[in-house]
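Take a look at the structure set out below.
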Amino acid sequence: GAAGAGGAAPAAGTTVKIGEAIQFPYKYGHTEGKVSLTVTGITKGDPADLAKFNLGDRAKGLVPYYVNYKVTNVGSTDMSFASLTQMKGLLADGSEAQELSIIGKFDKCPNNSFPSGFTNGQSVTSCVVAMSPEASKVAGAEFWGDPYTLGKGLNWK
């Protein structure tokens, strides 16, 4: 079963396998609801994928990984136009991967907000870019948004 299937938020540090769901109360602005979050996969990209962003030295020696996740509304609140972006990649040693914020559209890793009519049972897929030194890899992910904090969130490995 899904972690946190009851009413309360799972404990900080809860860890599940990639592909498994965790349910928790989620707040976006004044909208409060309940979501089921699943990291569906982590894909190794190619540094050339990022060429158009002209990152220069910021991306030197780093490889992009695409952390793909799915959010399902499992509560009774309409969460239209909210979004869930507080996802971080975790390196093989458990430390945080460097985040790469993409401005504009990036087809290899689309970061989608919730569509209109995002009610119970609706799902949206999204993605964040995590950068890894060539000697390591992005092996996991962490959700650190409300009600959690960075390093004390929900983990997929």
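Labels for the structure tokens follow display order: chains A, B, ..., residues from 1 in each chain, ligands from 1.
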
Can you write out as JSON lines which residues of segment 76-148 of chain A fall within 10 Å of segment 9-31 of chain A, alongside each residue's closest atom pair and its distance in Å to one decimal, counting only C-alpha atoms and ordering rows by chain and ascending residue number?
{"residue": "A:Thr77", "atom": "CA", "partner": "A:Thr31", "partner_atom": "CA", "distance": 7.8}
{"residue": "A:Asp78", "atom": "CA", "partner": "A:Thr31", "partner_atom": "CA", "distance": 8.3}
{"residue": "A:Met79", "atom": "CA", "partner": "A:Thr31", "partner_atom": "CA", "distance": 6.8}
{"residue": "A:Ser80", "atom": "CA", "partner": "A:Thr31", "partner_atom": "CA", "distance": 9.3}
{"residue": "A:Phe81", "atom": "CA", "partner": "A:Tyr28", "partner_atom": "CA", "distance": 9.6}
{"residue": "A:Ala82", "atom": "CA", "partner": "A:Tyr28", "partner_atom": "CA", "distance": 6.1}
{"residue": "A:Ser83", "atom": "CA", "partner": "A:Tyr28", "partner_atom": "CA", "distance": 7.2}
{"residue": "A:Leu84", "atom": "CA", "partner": "A:Tyr28", "partner_atom": "CA", "distance": 8.0}
{"residue": "A:Ala139", "atom": "CA", "partner": "A:Ile18", "partner_atom": "CA", "distance": 9.5}
{"residue": "A:Gly140", "atom": "CA", "partner": "A:Ile18", "partner_atom": "CA", "distance": 7.6}
{"residue": "A:Ala141", "atom": "CA", "partner": "A:Ile18", "partner_atom": "CA", "distance": 8.5}
{"residue": "A:Glu142", "atom": "CA", "partner": "A:Thr15", "partner_atom": "CA", "distance": 8.9}
{"residue": "A:Phe143", "atom": "CA", "partner": "A:Gly13", "partner_atom": "CA", "distance": 9.9}
{"residue": "A:Trp144", "atom": "CA", "partner": "A:Ala12", "partner_atom": "CA", "distance": 9.1}
{"residue": "A:Gly145", "atom": "CA", "partner": "A:Tyr26", "partner_atom": "CA", "distance": 8.4}
{"residue": "A:Asp146", "atom": "CA", "partner": "A:Lys27", "partner_atom": "CA", "distance": 6.5}
{"residue": "A:Pro147", "atom": "CA", "partner": "A:Tyr26", "partner_atom": "CA", "distance": 7.3}
{"residue": "A:Tyr148", "atom": "CA", "partner": "A:Ala12", "partner_atom": "CA", "distance": 6.6}

List the neighbours of Asn111 of chain A out to 9 Å using only C-alpha atoms; skip same-chain residues closer than 4 positions along the sequence, and give me the result as a PDB file with all heavy atoms, in the first residue's frame.
ATOM      1  N   THR A  85       6.671  21.723  -7.133  1.00  0.00           N
ATOM      2  CA  THR A  85       7.985  21.799  -7.772  1.00  0.00           C
ATOM      3  C   THR A  85       9.134  21.547  -6.796  1.00  0.00           C
ATOM      4  O   THR A  85      10.289  21.566  -7.209  1.00  0.00           O
ATOM      5  CB  THR A  85       8.190  23.198  -8.389  1.00  0.00           C
ATOM      6  OG1 THR A  85       8.027  24.173  -7.357  1.00  0.00           O
ATOM      7  CG2 THR A  85       7.185  23.474  -9.487  1.00  0.00           C
ATOM      8  N   ILE A 102      15.048  25.763 -14.914  1.00  0.00           N
ATOM      9  CA  ILE A 102      14.897  26.028 -16.341  1.00  0.00           C
ATOM     10  C   ILE A 102      13.831  27.099 -16.521  1.00  0.00           C
ATOM     11  O   ILE A 102      12.722  26.964 -16.016  1.00  0.00           O
ATOM     12  CB  ILE A 102      14.456  24.750 -17.089  1.00  0.00           C
ATOM     13  CG1 ILE A 102      15.475  23.620 -16.898  1.00  0.00           C
ATOM     14  CG2 ILE A 102      14.204  25.039 -18.550  1.00  0.00           C
ATOM     15  CD1 ILE A 102      16.727  23.722 -17.701  1.00  0.00           C
ATOM     16  N   LYS A 105      10.423  26.575 -21.833  1.00  0.00           N
ATOM     17  CA  LYS A 105      10.023  25.202 -22.127  1.00  0.00           C
ATOM     18  C   LYS A 105      11.250  24.325 -22.354  1.00  0.00           C
ATOM     19  O   LYS A 105      12.188  24.723 -23.041  1.00  0.00           O
ATOM     20  CB  LYS A 105       9.177  25.243 -23.412  1.00  0.00           C
ATOM     21  CG  LYS A 105       8.236  24.084 -23.581  1.00  0.00           C
ATOM     22  CD  LYS A 105       7.173  24.461 -24.621  1.00  0.00           C
ATOM     23  CE  LYS A 105       6.695  23.281 -25.441  1.00  0.00           C
ATOM     24  NZ  LYS A 105       6.339  22.091 -24.687  1.00  0.00           N
ATOM     25  N   PHE A 106      11.238  23.152 -21.769  1.00  0.00           N
ATOM     26  CA  PHE A 106      12.316  22.191 -21.959  1.00  0.00           C
ATOM     27  C   PHE A 106      11.668  20.829 -22.182  1.00  0.00           C
ATOM     28  O   PHE A 106      11.216  20.188 -21.239  1.00  0.00           O
ATOM     29  CB  PHE A 106      13.246  22.185 -20.744  1.00  0.00           C
ATOM     30  CG  PHE A 106      14.453  21.296 -20.879  1.00  0.00           C
ATOM     31  CD1 PHE A 106      15.129  21.159 -22.082  1.00  0.00           C
ATOM     32  CD2 PHE A 106      14.930  20.610 -19.776  1.00  0.00           C
ATOM     33  CE1 PHE A 106      16.251  20.343 -22.191  1.00  0.00           C
ATOM     34  CE2 PHE A 106      16.067  19.792 -19.868  1.00  0.00           C
ATOM     35  CZ  PHE A 106      16.716  19.667 -21.083  1.00  0.00           C
ATOM     36  N   THR A 125       1.912  14.783 -14.719  1.00  0.00           N
ATOM     37  CA  THR A 125       3.315  14.385 -14.627  1.00  0.00           C
ATOM     38  C   THR A 125       4.171  15.629 -14.743  1.00  0.00           C
ATOM     39  O   THR A 125       3.798  16.600 -15.403  1.00  0.00           O
ATOM     40  CB  THR A 125       3.704  13.399 -15.738  1.00  0.00           C
ATOM     41  OG1 THR A 125       3.412  13.995 -17.004  1.00  0.00           O
ATOM     42  CG2 THR A 125       2.943  12.092 -15.601  1.00  0.00           C
ATOM     43  N   SER A 126       5.308  15.611 -14.072  1.00  0.00           N
ATOM     44  CA  SER A 126       6.199  16.747 -14.094  1.00  0.00           C
ATOM     45  C   SER A 126       7.632  16.253 -13.981  1.00  0.00           C
ATOM     46  O   SER A 126       7.873  15.049 -13.836  1.00  0.00           O
ATOM     47  CB  SER A 126       5.847  17.706 -12.958  1.00  0.00           C
ATOM     48  OG  SER A 126       6.339  18.996 -13.229  1.00  0.00           O
ATOM     49  N   CYS A 127       8.582  17.187 -14.042  1.00  0.00           N
ATOM     50  CA  CYS A 127       9.983  16.800 -14.061  1.00  0.00           C
ATOM     51  C   CYS A 127      10.837  17.947 -13.546  1.00  0.00           C
ATOM     52  O   CYS A 127      10.526  19.108 -13.790  1.00  0.00           O
ATOM     53  CB  CYS A 127      10.358  16.464 -15.512  1.00  0.00           C
ATOM     54  SG  CYS A 127      12.071  15.986 -15.789  1.00  0.00           S
ATOM     55  N   VAL A 128      11.904  17.618 -12.820  1.00  0.00           N
ATOM     56  CA  VAL A 128      12.909  18.605 -12.459  1.00  0.00           C
ATOM     57  C   VAL A 128      14.272  18.097 -12.920  1.00  0.00           C
ATOM     58  O   VAL A 128      14.493  16.893 -13.033  1.00  0.00           O
ATOM     59  CB  VAL A 128      12.957  18.923 -10.936  1.00  0.00           C
ATOM     60  CG1 VAL A 128      11.675  19.621 -10.486  1.00  0.00           C
ATOM     61  CG2 VAL A 128      13.228  17.677 -10.123  1.00  0.00           C
TER      62      VAL A 128
END

Inset, instruction - Rounded to one decimal place, report the atom CA of Ala97 of chain A-atom CA of Pro110 of chain A distance in Å. - result: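 The value is 18.6 Å.
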
Legend entry - Counting only C-alpha atoms, the residue of A:Gly33, A:Gly94, A:Gly56, A:Gly89 that sits nearest Thr72 of chain A: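 Nearest candidate to Thr72 of chain A out of A:Gly33, A:Gly94, A:Gly56, A:Gly89: A:Gly33.
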
Inset, instruction - Please run DSSP on the backbone and report, as a PyMOL selection string, all residues within chain A that come out as strand (DSSP E or B). - result: chain A and resi 3+15-16+21-28+31-44+62-73+87-91+96+98-100+123-133+138-143+149+152+154-156

Inset, instruction - Mind listing the helix (DSSP H, G or I) residues of chain A, per DSSP on the backbone, as a PyMOL selection string? - result: chain A and resi 47-53+56-59

Inset, instruction - For Leu91 of chain A, please output as an MDAnalysis selection string all residues within 12 Å (counting only C-alpha atoms; exclusion window: fewer than 5 positions along the same chain). - result: chainID A and resid 42 63:65 67 96:99 130:142 156:157

Suppose we keep C-alpha atoms; can you now write the selection as an mmCIF file, in the first residue's frame?
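Done, and the output landed in result_3.cif:
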data_model
loop_
_atom_site.group_PDB
_atom_site.id
_atom_site.type_symbol
_atom_site.label_atom_id
_atom_site.label_comp_id
_atom_site.auth_asym_id
_atom_site.auth_seq_id
_atom_site.Cartn_x
_atom_site.Cartn_y
_atom_site.Cartn_z
ATOM 1 C CA ILE A 42 15.215 9.132 -12.969
ATOM 2 C CA VAL A 63 25.589 15.638 -16.140
ATOM 3 C CA PRO A 64 21.844 16.382 -16.131
ATOM 4 C CA TYR A 65 19.418 13.838 -14.740
ATOM 5 C CA VAL A 67 13.634 13.351 -12.089
ATOM 6 C CA GLU A 96 21.706 16.789 -2.620
ATOM 7 C CA ALA A 97 22.261 17.109 -6.327
ATOM 8 C CA GLN A 98 22.639 20.612 -7.697
ATOM 9 C CA GLU A 99 19.315 21.927 -8.934
ATOM 10 C CA ALA A 130 19.201 17.594 -11.158
ATOM 11 C CA MET A 131 22.887 17.935 -11.949
ATOM 12 C CA SER A 132 25.473 15.356 -10.956
ATOM 13 C CA PRO A 133 29.255 15.360 -11.114
ATOM 14 C CA GLU A 134 30.428 12.857 -13.730
ATOM 15 C CA ALA A 135 31.918 10.639 -11.002
ATOM 16 C CA SER A 136 28.533 10.168 -9.337
ATOM 17 C CA LYS A 137 24.898 9.871 -10.407
ATOM 18 C CA VAL A 138 21.461 10.996 -9.342
ATOM 19 C CA ALA A 139 20.130 7.902 -7.611
ATOM 20 C CA GLY A 140 17.148 9.229 -5.682
ATOM 21 C CA ALA A 141 14.861 12.182 -5.089
ATOM 22 C CA GLU A 142 13.412 14.174 -2.218
ATOM 23 C CA TRP A 156 12.570 7.917 -3.203
ATOM 24 C CA LYS A 157 15.591 5.669 -3.769
#

Legend entry - Among the residues A:Ser116, A:Lys34, A:Gln122, A:Val129, the one that comes closest to Ala59 of chain A [using only C-alpha atoms]: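 Using only C-alpha atoms, the shortest distance to Ala59 of chain A belongs to A:Val129.
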
Inset, instruction - Have a look at A:Lys70, A:Lys152, A:Lys44, A:Arg58 and name the one nearest to Leu100 of chain A; count only C-alpha atoms. - result: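 Answer, going by the shortest atom-to-atom distance: A:Arg58.
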